[in-house]
file upload08.cif (mmCIF, C-alpha atoms)
data_structure
#
loop_
_atom_site.group_PDB
_atom_site.id
_atom_site.type_symbol
_atom_site.label_atom_id
_atom_site.label_comp_id
_atom_site.auth_asym_id
_atom_site.auth_seq_id
_atom_site.Cartn_x
_atom_site.Cartn_y
_atom_site.Cartn_z
ATOM 1 C CA GLY A 1 4.309 -4.433 -7.702
ATOM 2 C CA ILE A 2 6.844 -1.733 -7.113
ATOM 3 C CA GLN A 3 8.210 -1.295 -3.588
ATOM 4 C CA VAL A 4 8.947 2.163 -2.178
ATOM 5 C CA GLU A 5 11.116 2.712 0.890
ATOM 6 C CA GLN A 6 11.806 6.042 2.555
ATOM 7 C CA SER A 7 14.480 7.089 5.001
ATOM 8 C CA PRO A 8 14.892 8.267 7.630
ATOM 9 C CA PRO A 9 11.520 7.474 9.247
ATOM 10 C CA ASP A 10 11.852 10.454 11.603
ATOM 11 C CA LEU A 11 13.861 13.654 11.470
ATOM 12 C CA ILE A 12 14.099 16.433 14.028
ATOM 13 C CA LEU A 13 15.705 19.743 13.074
ATOM 14 C CA GLN A 14 16.284 23.226 14.406
ATOM 15 C CA GLU A 15 14.923 26.038 12.294
ATOM 16 C CA GLY A 16 17.443 27.029 9.646
ATOM 17 C CA ALA A 17 18.993 23.587 9.227
ATOM 18 C CA ASN A 18 19.172 21.688 5.939
ATOM 19 C CA SER A 19 17.986 18.118 5.377
ATOM 20 C CA THR A 20 17.912 15.348 2.802
ATOM 21 C CA LEU A 21 15.145 12.773 2.542
ATOM 22 C CA ARG A 22 15.653 9.615 0.519
ATOM 23 C CA CYS A 23 13.283 7.406 -1.482
ATOM 24 C CA ASN A 24 14.377 4.044 -2.897
ATOM 25 C CA PHE A 25 12.220 2.162 -5.378
ATOM 26 C CA SER A 26 12.466 -1.419 -6.569
ATOM 27 C CA ASP A 27 11.774 -1.108 -10.302
ATOM 28 C CA SER A 28 11.922 1.343 -13.164
ATOM 29 C CA VAL A 29 9.434 4.178 -12.738
ATOM 30 C CA ASN A 30 7.285 6.175 -15.144
ATOM 31 C CA ASN A 31 5.837 8.357 -12.414
ATOM 32 C CA LEU A 32 7.449 9.577 -9.192
ATOM 33 C CA GLN A 33 6.064 12.298 -6.951
ATOM 34 C CA TRP A 34 6.862 13.880 -3.604
ATOM 35 C CA PHE A 35 4.087 15.053 -1.293
ATOM 36 C CA HIS A 36 3.943 16.958 1.983
ATOM 37 C CA GLN A 37 1.183 16.128 4.445
ATOM 38 C CA ASN A 38 0.793 19.036 6.850
ATOM 39 C CA PRO A 39 -0.249 18.638 10.500
ATOM 40 C CA TRP A 40 -3.888 19.180 9.488
ATOM 41 C CA GLY A 41 -3.761 16.202 7.137
ATOM 42 C CA GLN A 42 -3.773 18.024 3.803
ATOM 43 C CA LEU A 43 -1.603 16.461 1.084
ATOM 44 C CA ILE A 44 0.272 18.902 -1.118
ATOM 45 C CA ASN A 45 2.097 17.911 -4.273
ATOM 46 C CA LEU A 46 5.712 19.100 -4.151
ATOM 47 C CA PHE A 47 7.281 17.583 -7.252
ATOM 48 C CA TYR A 48 6.537 15.321 -10.183
ATOM 49 C CA ILE A 49 10.044 14.008 -10.908
ATOM 50 C CA PRO A 50 10.511 10.585 -12.574
ATOM 51 C CA SER A 51 14.020 11.700 -13.548
ATOM 52 C CA GLY A 52 16.304 14.704 -13.337
ATOM 53 C CA THR A 53 16.359 17.653 -10.944
ATOM 54 C CA LYS A 54 13.806 20.309 -10.065
ATOM 55 C CA GLN A 55 13.807 23.225 -7.666
ATOM 56 C CA ASN A 56 11.009 25.208 -6.084
ATOM 57 C CA GLY A 57 12.173 27.819 -3.608
ATOM 58 C CA ARG A 58 13.888 26.177 -0.648
ATOM 59 C CA LEU A 59 12.947 22.712 -1.868
ATOM 60 C CA SER A 60 14.622 20.716 -4.573
ATOM 61 C CA ALA A 61 14.450 17.111 -5.734
ATOM 62 C CA THR A 62 16.647 14.801 -7.741
ATOM 63 C CA THR A 63 15.756 11.408 -9.161
ATOM 64 C CA VAL A 64 18.440 9.058 -10.476
ATOM 65 C CA ALA A 65 16.232 6.597 -12.298
ATOM 66 C CA THR A 66 19.068 4.270 -13.319
ATOM 67 C CA GLU A 67 20.021 3.804 -9.651
ATOM 68 C CA ARG A 68 16.406 3.726 -8.449
ATOM 69 C CA TYR A 69 16.386 6.490 -5.894
ATOM 70 C CA SER A 70 15.122 10.005 -5.397
ATOM 71 C CA LEU A 71 16.214 12.685 -2.941
ATOM 72 C CA LEU A 72 14.277 15.627 -1.532
ATOM 73 C CA TYR A 73 16.358 18.504 -0.207
ATOM 74 C CA ILE A 74 14.979 21.066 2.223
ATOM 75 C CA SER A 75 17.201 24.064 2.865
ATOM 76 C CA SER A 76 16.885 26.641 5.649
ATOM 77 C CA SER A 77 14.032 24.705 7.208
ATOM 78 C CA GLN A 78 11.106 26.521 8.817
ATOM 79 C CA THR A 79 8.566 25.365 11.389
ATOM 80 C CA THR A 80 5.962 25.310 8.620
ATOM 81 C CA ASP A 81 7.971 22.534 6.923
ATOM 82 C CA SER A 82 6.923 20.161 9.701
ATOM 83 C CA GLY A 83 4.734 17.244 8.701
ATOM 84 C CA VAL A 84 5.102 13.993 6.820
ATOM 85 C CA TYR A 85 6.867 13.741 3.477
ATOM 86 C CA PHE A 86 5.783 10.966 1.148
ATOM 87 C CA CYS A 87 7.382 9.610 -1.954
ATOM 88 C CA ALA A 88 5.078 7.772 -4.370
ATOM 89 C CA ALA A 89 5.972 5.872 -7.510
ATOM 90 C CA ALA A 90 4.422 3.934 -10.355
ATOM 91 C CA GLY A 91 6.266 1.739 -12.785
ATOM 92 C CA GLY A 92 7.358 -1.767 -13.603
ATOM 93 C CA GLY A 93 4.840 -1.967 -16.409
ATOM 94 C CA THR A 94 1.794 -0.916 -14.391
ATOM 95 C CA SER A 95 -0.481 2.037 -15.079
ATOM 96 C CA TYR A 96 1.144 5.440 -14.784
ATOM 97 C CA GLY A 97 -1.381 6.516 -12.192
ATOM 98 C CA LYS A 98 -1.231 3.517 -9.847
ATOM 99 C CA LEU A 99 0.988 5.177 -7.293
ATOM 100 C CA THR A 100 2.561 3.154 -4.502
ATOM 101 C CA PHE A 101 3.392 5.290 -1.476
ATOM 102 C CA GLY A 102 6.300 4.909 0.875
ATOM 103 C CA GLN A 103 5.799 4.940 4.645
ATOM 104 C CA GLY A 104 6.828 8.568 4.860
ATOM 105 C CA THR A 105 9.400 10.636 6.750
ATOM 106 C CA ILE A 106 8.070 12.554 9.762
ATOM 107 C CA LEU A 107 9.826 15.921 9.918
ATOM 108 C CA THR A 108 9.681 18.094 12.994
ATOM 109 C CA VAL A 109 11.255 21.552 12.847
ATOM 110 C CA HIS A 110 11.738 23.317 16.184
ATOM 111 C CA PRO A 111 11.984 27.134 16.442
ATOM 112 C CA ASN B 112 -11.514 26.578 -8.998
ATOM 113 C CA ALA B 113 -12.471 24.625 -5.898
ATOM 114 C CA GLY B 114 -10.004 21.852 -6.850
ATOM 115 C CA VAL B 115 -10.825 18.434 -5.378
ATOM 116 C CA THR B 116 -13.669 18.407 -2.871
ATOM 117 C CA GLN B 117 -14.793 15.587 -0.594
ATOM 118 C CA THR B 118 -17.880 15.124 1.535
ATOM 119 C CA PRO B 119 -18.460 14.412 4.315
ATOM 120 C CA LYS B 120 -15.425 15.466 6.370
ATOM 121 C CA PHE B 121 -16.285 13.063 9.189
ATOM 122 C CA GLN B 122 -18.568 10.031 9.387
ATOM 123 C CA VAL B 123 -19.366 7.403 11.993
ATOM 124 C CA LEU B 124 -21.020 4.175 10.867
ATOM 125 C CA LYS B 125 -22.147 0.999 12.548
ATOM 126 C CA THR B 126 -20.924 -2.357 11.294
ATOM 127 C CA GLY B 127 -23.001 -3.468 8.319
ATOM 128 C CA GLN B 128 -24.201 -0.023 7.282
ATOM 129 C CA SER B 129 -23.548 1.241 3.779
ATOM 130 C CA MET B 130 -22.617 4.720 2.647
ATOM 131 C CA THR B 131 -21.131 6.720 -0.208
ATOM 132 C CA LEU B 132 -18.156 9.044 0.059
ATOM 133 C CA GLN B 133 -18.393 11.838 -2.462
ATOM 134 C CA CYS B 134 -15.523 13.250 -4.524
ATOM 135 C CA ALA B 135 -15.706 15.961 -7.153
ATOM 136 C CA GLN B 136 -13.177 17.979 -9.144
ATOM 137 C CA ASP B 137 -13.679 21.025 -11.334
ATOM 138 C CA MET B 138 -10.363 20.930 -13.200
ATOM 139 C CA ASN B 139 -11.527 18.702 -16.088
ATOM 140 C CA HIS B 140 -9.118 15.995 -14.963
ATOM 141 C CA GLU B 141 -9.345 12.608 -16.659
ATOM 142 C CA TYR B 142 -7.749 10.579 -13.899
ATOM 143 C CA MET B 143 -9.286 10.150 -10.451
ATOM 144 C CA SER B 144 -8.451 7.794 -7.626
ATOM 145 C CA TRP B 145 -9.306 6.825 -4.066
ATOM 146 C CA TYR B 146 -6.770 6.057 -1.346
ATOM 147 C CA ARG B 147 -7.021 5.078 2.278
ATOM 148 C CA GLN B 148 -4.535 6.116 4.949
ATOM 149 C CA ASP B 149 -4.225 4.128 8.148
ATOM 150 C CA PRO B 150 -2.310 5.390 11.218
ATOM 151 C CA GLY B 151 1.445 5.500 10.716
ATOM 152 C CA MET B 152 1.191 4.284 7.148
ATOM 153 C CA GLY B 153 1.384 5.674 3.686
ATOM 154 C CA LEU B 154 -1.585 5.809 1.373
ATOM 155 C CA ARG B 155 -2.920 2.703 -0.368
ATOM 156 C CA LEU B 156 -4.807 2.809 -3.650
ATOM 157 C CA ILE B 157 -8.384 1.460 -3.518
ATOM 158 C CA HIS B 158 -9.808 2.158 -7.010
ATOM 159 C CA TYR B 159 -9.009 4.471 -9.863
ATOM 160 C CA SER B 160 -10.534 5.761 -13.085
ATOM 161 C CA VAL B 161 -8.847 6.949 -16.284
ATOM 162 C CA GLY B 162 -12.017 8.589 -17.601
ATOM 163 C CA ALA B 163 -15.799 8.567 -17.492
ATOM 164 C CA GLY B 164 -17.121 5.013 -17.691
ATOM 165 C CA ILE B 165 -13.736 3.395 -16.961
ATOM 166 C CA THR B 166 -12.692 2.142 -13.528
ATOM 167 C CA ASP B 167 -10.187 -0.381 -12.236
ATOM 168 C CA GLN B 168 -9.000 -1.861 -8.976
ATOM 169 C CA GLY B 169 -6.054 -0.726 -6.945
ATOM 170 C CA GLU B 170 -4.173 -2.446 -4.163
ATOM 171 C CA VAL B 171 -7.015 -2.791 -1.619
ATOM 172 C CA PRO B 172 -10.382 -2.877 -3.479
ATOM 173 C CA ASN B 173 -12.311 -5.416 -1.387
ATOM 174 C CA GLY B 174 -15.425 -3.997 0.271
ATOM 175 C CA TYR B 175 -15.561 -0.922 -1.960
ATOM 176 C CA ASN B 176 -17.320 -0.085 -5.226
ATOM 177 C CA VAL B 177 -16.851 2.848 -7.570
ATOM 178 C CA SER B 178 -18.435 4.214 -10.713
ATOM 179 C CA ARG B 179 -17.587 7.178 -12.947
ATOM 180 C CA SER B 180 -20.599 8.436 -14.842
ATOM 181 C CA THR B 181 -19.204 11.974 -15.308
ATOM 182 C CA THR B 182 -15.733 13.479 -15.597
ATOM 183 C CA GLU B 183 -16.300 15.536 -12.447
ATOM 184 C CA ASP B 184 -17.521 12.941 -9.935
ATOM 185 C CA PHE B 185 -16.028 9.739 -8.563
ATOM 186 C CA PRO B 186 -18.021 8.379 -5.584
ATOM 187 C CA LEU B 187 -16.744 5.557 -3.374
ATOM 188 C CA ARG B 188 -19.325 3.151 -1.943
ATOM 189 C CA LEU B 189 -18.876 1.062 1.158
ATOM 190 C CA LEU B 190 -21.240 -1.862 0.730
ATOM 191 C CA SER B 191 -21.308 -3.241 4.288
ATOM 192 C CA ALA B 192 -19.011 -1.312 6.604
ATOM 193 C CA ALA B 193 -16.560 -3.207 8.804
ATOM 194 C CA PRO B 194 -14.303 -1.927 11.617
ATOM 195 C CA SER B 195 -11.293 -2.690 9.381
ATOM 196 C CA GLN B 196 -12.500 0.104 7.096
ATOM 197 C CA THR B 197 -11.935 2.716 9.780
ATOM 198 C CA SER B 198 -9.491 5.035 8.063
ATOM 199 C CA VAL B 199 -8.978 8.403 6.418
ATOM 200 C CA TYR B 200 -10.033 8.365 2.776
ATOM 201 C CA PHE B 201 -8.472 10.644 0.190
ATOM 202 C CA CYS B 202 -9.612 11.334 -3.328
ATOM 203 C CA ALA B 203 -7.093 12.558 -5.899
ATOM 204 C CA SER B 204 -7.120 13.655 -9.507
ATOM 205 C CA SER B 205 -4.674 14.418 -12.287
ATOM 206 C CA TYR B 206 -5.082 15.858 -15.750
ATOM 207 C CA SER B 207 -4.050 12.652 -17.482
ATOM 208 C CA ALA B 208 -2.059 9.773 -16.036
ATOM 209 C CA GLY B 209 -0.986 8.815 -19.548
ATOM 210 C CA LEU B 210 0.683 12.105 -20.445
ATOM 211 C CA ALA B 211 4.008 12.873 -18.785
ATOM 212 C CA GLY B 212 3.000 16.469 -18.316
ATOM 213 C CA GLY B 213 -0.311 15.612 -16.712
ATOM 214 C CA ARG B 214 0.486 13.105 -13.995
ATOM 215 C CA GLU B 215 0.811 15.451 -11.025
ATOM 216 C CA GLN B 216 -1.838 14.368 -8.525
ATOM 217 C CA PHE B 217 -3.953 16.777 -6.489
ATOM 218 C CA PHE B 218 -5.636 15.602 -3.315
ATOM 219 C CA GLY B 219 -8.883 16.445 -1.607
ATOM 220 C CA PRO B 220 -9.017 17.247 2.132
ATOM 221 C CA GLY B 221 -9.999 13.716 3.151
ATOM 222 C CA THR B 222 -12.903 12.006 4.915
ATOM 223 C CA ARG B 223 -12.302 10.554 8.376
ATOM 224 C CA LEU B 224 -14.446 7.412 8.723
ATOM 225 C CA THR B 225 -15.008 5.440 11.913
ATOM 226 C CA VAL B 226 -16.835 2.105 11.847
ATOM 227 C CA LEU B 227 -18.068 0.886 15.216
#
call {"tool": "encode", "arguments": {"input": "upload08.cif", "output": "structure tokens"}}
result
Amino acid sequence: GIQVEQSPPDLILQEGANSTLRCNFSDSVNNLQWFHQNPWGQLINLFYIPSGTKQNGRLSATTVATERYSLLYISSSQTTDSGVYFCAAAGGGTSYGKLTFGQGTILTVHP
Amino acid sequence: NAGVTQTPKFQVLKTGQSMTLQCAQDMNHEYMSWYRQDPGMGLRLIHYSVGAGITDQGEVPNGYNVSRSTTEDFPLRLLSAAPSQTSVYFCASSYSAGLAGGREQFFGPGTRLTVL
């Protein structure tokens, strides 16, 4: 199946800083999503982005499908951005919904 | 809409006991799935369903059963609980995994299960 790797594993920022999280995947994808898991464990969908670029407020994401990576940008970070960010992908001929998750990036934003 | 709901929030079982984790969604989503999350790891797919009456296995299906008799409900059954099944279980749904515009997955709040 498809392999998903995220980097960095941990990231510590001061409030107001910008950051870039990376997701590499091993095969062509027909489904790629970014999620934020808050400190209370709730998983929130940030982007569905198998290709191209999307923006939502201070967050944006870009997927370069031909080079098999996706980037999540967080600008002007806030303490509420803390948590774990997951990239999940499906592809390589498998069902669109059979998402494989990366190990996540733990983001800590200090005031 | 309540979105995706899961019950119970917490459960403690003894080895060998059976139980059912409940998941329901009120968004008329075709696709539903179950994941488990172990400490320090990402989520792993247990079972999924593309519609009522249709289920299939994910990455880690052993020890779990599912059925989908209605669009709204997708229960997960632990047949004989083992300590290795101690985990947090998440249910998710999407409008339609087959349509590019309907693949965004929405998650329930999770069930924290401990097997002694």
call {"tool": "atom_distance", "arguments": {"input": "upload08.cif", "atom1": "atom CA of A:Asn31", "atom2": "atom CA of B:Glu215"}}
result
8.8 Å
call {"tool": "residues_around", "arguments": {"input": "upload08.cif", "residues": "stretch 179-193 of chain B", "least_positions_apart": "3", "cutoff": "6 Å", "atoms": "all atoms listed in the file", "output": "VMD selection string"}}
result
chain B and resid 126 to 136 163 to 164 175 to 176 196
call {"tool": "closest_atom_pairs", "arguments": {"input": "upload08.cif", "of": "chain A", "to": "chain B", "cutoff": "7 Å", "atoms": "all atoms listed in the file", "output": "tab-separated table"}}
result
residue	atom	partner	partner_atom	distance
A:Gln42	CA	B:Pro220	CA	5.6
A:Leu43	CA	B:Phe218	CA	6.0
A:Asn45	CA	B:Phe217	CA	6.5
A:Tyr48	CA	B:Glu215	CA	5.8
A:Tyr96	CA	B:Ala208	CA	5.5
A:Gly97	CA	B:Ala208	CA	5.1
A:Thr100	CA	B:Arg155	CA	6.9
A:Phe101	CA	B:Gly153	CA	5.6
A:Gly102	CA	B:Gly153	CA	5.7
A:Gln103	CA	B:Gly153	CA	4.6
A:Gly104	CA	B:Gly153	CA	6.3
call {"tool": "closest_residue", "arguments": {"input": "upload08.cif", "among": "B:Gly174, B:Pro194, B:Gly114, B:Gly162", "to": "B:Met138", "atoms": "all atoms listed in the file"}}
result
B:Gly114
call {"tool": "resolve_selection", "arguments": {"input": "upload08.cif", "expression": "the PyMOL selection byres ((chain A and resi 11-19) around 8)", "output": "list in words"}}
result
Pro8, Pro9, Asp10, Thr20, Leu21, Tyr73, Ile74, Ser75, Ser76, Ser77, Gln78, Thr79, Thr105, Ile106, Leu107, Thr108, Val109, His110 and Pro111 of chain A
call {"tool": "atom_distance", "arguments": {"input": "upload08.cif", "atom1": "atom CA of A:Leu99", "atom2": "atom CA of A:Asn30"}}
result
10.1 Å
call {"tool": "axis_aligned_box", "arguments": {"input": "upload08.cif", "around": "stretch 96-106 of chain A", "padding_each_side": "4 Å", "output": "AutoDock Vina command-line options"}}
result
--center_x 4.0 --center_y 7.9 --center_z -2.5 --size_x 18.8 --size_y 17.4 --size_z 32.5
call {"tool": "closest_residue", "arguments": {"input": "upload08.cif", "among": "A:Trp34, A:Gly41, A:Val29, A:Val84", "to": "B:Thr222", "atoms": "all atoms listed in the file"}}
result
A:Gly41
call {"tool": "atom_distance", "arguments": {"input": "upload08.cif", "atom1": "atom CA of B:Asp149", "atom2": "atom CA of B:Thr197"}}
result
8.0 Å
call {"tool": "residues_around", "arguments": {"input": "upload08.cif", "residues": "A:Ser26", "least_positions_apart": "4", "cutoff": "7 Å", "atoms": "only C-alpha atoms", "output": "list in words"}}
result
Ile2, Gln3, Val4 and Arg68 of chain A
call {"tool": "closest_residue", "arguments": {"input": "upload08.cif", "among": "A:Gly57, A:Gly1, A:Gly52, A:Pro39", "to": "A:Tyr85", "atoms": "all atoms listed in the file"}}
result
A:Pro39
call {"tool": "decode", "arguments": {"input": "upload08.cif", "residues": "stretch 39-104 of chain A", "atoms": "C-alpha atoms", "output": "PDB file, in the first residue's frame"}}
result
ATOM      1  CA  PRO A  39      -5.200  18.727  22.507  1.00  0.00           C
ATOM      2  CA  TRP A  40      -8.608  17.267  23.410  1.00  0.00           C
ATOM      3  CA  GLY A  41      -8.273  14.613  20.715  1.00  0.00           C
ATOM      4  CA  GLN A  42     -10.798  15.938  18.204  1.00  0.00           C
ATOM      5  CA  LEU A  43      -9.829  15.513  14.541  1.00  0.00           C
ATOM      6  CA  ILE A  44     -10.712  18.410  12.269  1.00  0.00           C
ATOM      7  CA  ASN A  45     -10.480  18.271   8.501  1.00  0.00           C
ATOM      8  CA  LEU A  46      -8.351  21.141   7.190  1.00  0.00           C
ATOM      9  CA  PHE A  47      -8.030  20.424   3.480  1.00  0.00           C
ATOM     10  CA  TYR A  48      -8.956  17.901   0.828  1.00  0.00           C
ATOM     11  CA  ILE A  49      -6.142  18.513  -1.673  1.00  0.00           C
ATOM     12  CA  PRO A  50      -5.009  15.699  -4.022  1.00  0.00           C
ATOM     13  CA  SER A  51      -3.466  18.376  -6.248  1.00  0.00           C
ATOM     14  CA  GLY A  52      -3.120  22.132  -6.505  1.00  0.00           C
ATOM     15  CA  THR A  53      -3.287  24.855  -3.863  1.00  0.00           C
ATOM     16  CA  LYS A  54      -5.966  25.892  -1.394  1.00  0.00           C
ATOM     17  CA  GLN A  55      -6.154  28.560   1.271  1.00  0.00           C
ATOM     18  CA  ASN A  56      -8.344  28.944   4.324  1.00  0.00           C
ATOM     19  CA  GLY A  57      -7.504  31.949   6.460  1.00  0.00           C
ATOM     20  CA  ARG A  58      -4.009  31.622   7.904  1.00  0.00           C
ATOM     21  CA  LEU A  59      -3.661  28.086   6.579  1.00  0.00           C
ATOM     22  CA  SER A  60      -2.839  27.040   3.066  1.00  0.00           C
ATOM     23  CA  ALA A  61      -1.835  23.781   1.411  1.00  0.00           C
ATOM     24  CA  THR A  62      -0.139  22.780  -1.800  1.00  0.00           C
ATOM     25  CA  THR A  63       0.114  19.317  -3.307  1.00  0.00           C
ATOM     26  CA  VAL A  64       2.526  18.579  -6.151  1.00  0.00           C
ATOM     27  CA  ALA A  65       1.179  15.216  -7.213  1.00  0.00           C
ATOM     28  CA  THR A  66       3.837  14.596  -9.868  1.00  0.00           C
ATOM     29  CA  GLU A  67       6.572  14.938  -7.224  1.00  0.00           C
ATOM     30  CA  ARG A  68       4.574  13.112  -4.542  1.00  0.00           C
ATOM     31  CA  TYR A  69       4.520  15.649  -1.763  1.00  0.00           C
ATOM     32  CA  SER A  70       2.184  18.054  -0.043  1.00  0.00           C
ATOM     33  CA  LEU A  71       2.929  21.080   2.124  1.00  0.00           C
ATOM     34  CA  LEU A  72       0.826  22.713   4.827  1.00  0.00           C
ATOM     35  CA  TYR A  73       1.637  26.333   5.601  1.00  0.00           C
ATOM     36  CA  ILE A  74       0.627  27.996   8.854  1.00  0.00           C
ATOM     37  CA  SER A  75       1.145  31.744   8.997  1.00  0.00           C
ATOM     38  CA  SER A  76       1.077  33.987  12.073  1.00  0.00           C
ATOM     39  CA  SER A  77       0.691  30.981  14.339  1.00  0.00           C
ATOM     40  CA  GLN A  78      -1.501  31.159  17.440  1.00  0.00           C
ATOM     41  CA  THR A  79      -1.526  29.052  20.596  1.00  0.00           C
ATOM     42  CA  THR A  80      -4.769  27.484  19.383  1.00  0.00           C
ATOM     43  CA  ASP A  81      -2.835  26.010  16.431  1.00  0.00           C
ATOM     44  CA  SER A  82      -1.097  23.634  18.836  1.00  0.00           C
ATOM     45  CA  GLY A  83      -1.807  19.947  18.385  1.00  0.00           C
ATOM     46  CA  VAL A  84      -0.934  17.216  15.930  1.00  0.00           C
ATOM     47  CA  TYR A  85      -1.189  17.667  12.177  1.00  0.00           C
ATOM     48  CA  PHE A  86      -1.821  14.572  10.098  1.00  0.00           C
ATOM     49  CA  CYS A  87      -1.555  14.009   6.406  1.00  0.00           C
ATOM     50  CA  ALA A  88      -3.561  11.090   4.999  1.00  0.00           C
ATOM     51  CA  ALA A  89      -3.570   9.698   1.488  1.00  0.00           C
ATOM     52  CA  ALA A  90      -5.193   7.047  -0.655  1.00  0.00           C
ATOM     53  CA  GLY A  91      -4.018   5.935  -4.048  1.00  0.00           C
ATOM     54  CA  GLY A  92      -1.970   3.429  -5.965  1.00  0.00           C
ATOM     55  CA  GLY A  93      -5.100   1.778  -7.279  1.00  0.00           C
ATOM     56  CA  THR A  94      -6.814   1.267  -3.924  1.00  0.00           C
ATOM     57  CA  SER A  95     -10.208   2.592  -2.878  1.00  0.00           C
ATOM     58  CA  TYR A  96     -10.489   6.358  -2.680  1.00  0.00           C
ATOM     59  CA  GLY A  97     -11.550   6.174   0.938  1.00  0.00           C
ATOM     60  CA  LYS A  98      -8.858   3.842   2.293  1.00  0.00           C
ATOM     61  CA  LEU A  99      -6.761   6.575   3.821  1.00  0.00           C
ATOM     62  CA  THR A 100      -3.273   5.838   5.105  1.00  0.00           C
ATOM     63  CA  PHE A 101      -2.178   8.304   7.776  1.00  0.00           C
ATOM     64  CA  GLY A 102       1.286   9.624   8.399  1.00  0.00           C
ATOM     65  CA  GLN A 103       2.777   9.657  11.897  1.00  0.00           C
ATOM     66  CA  GLY A 104       1.917  13.308  12.346  1.00  0.00           C
TER      67      GLY A 104
END
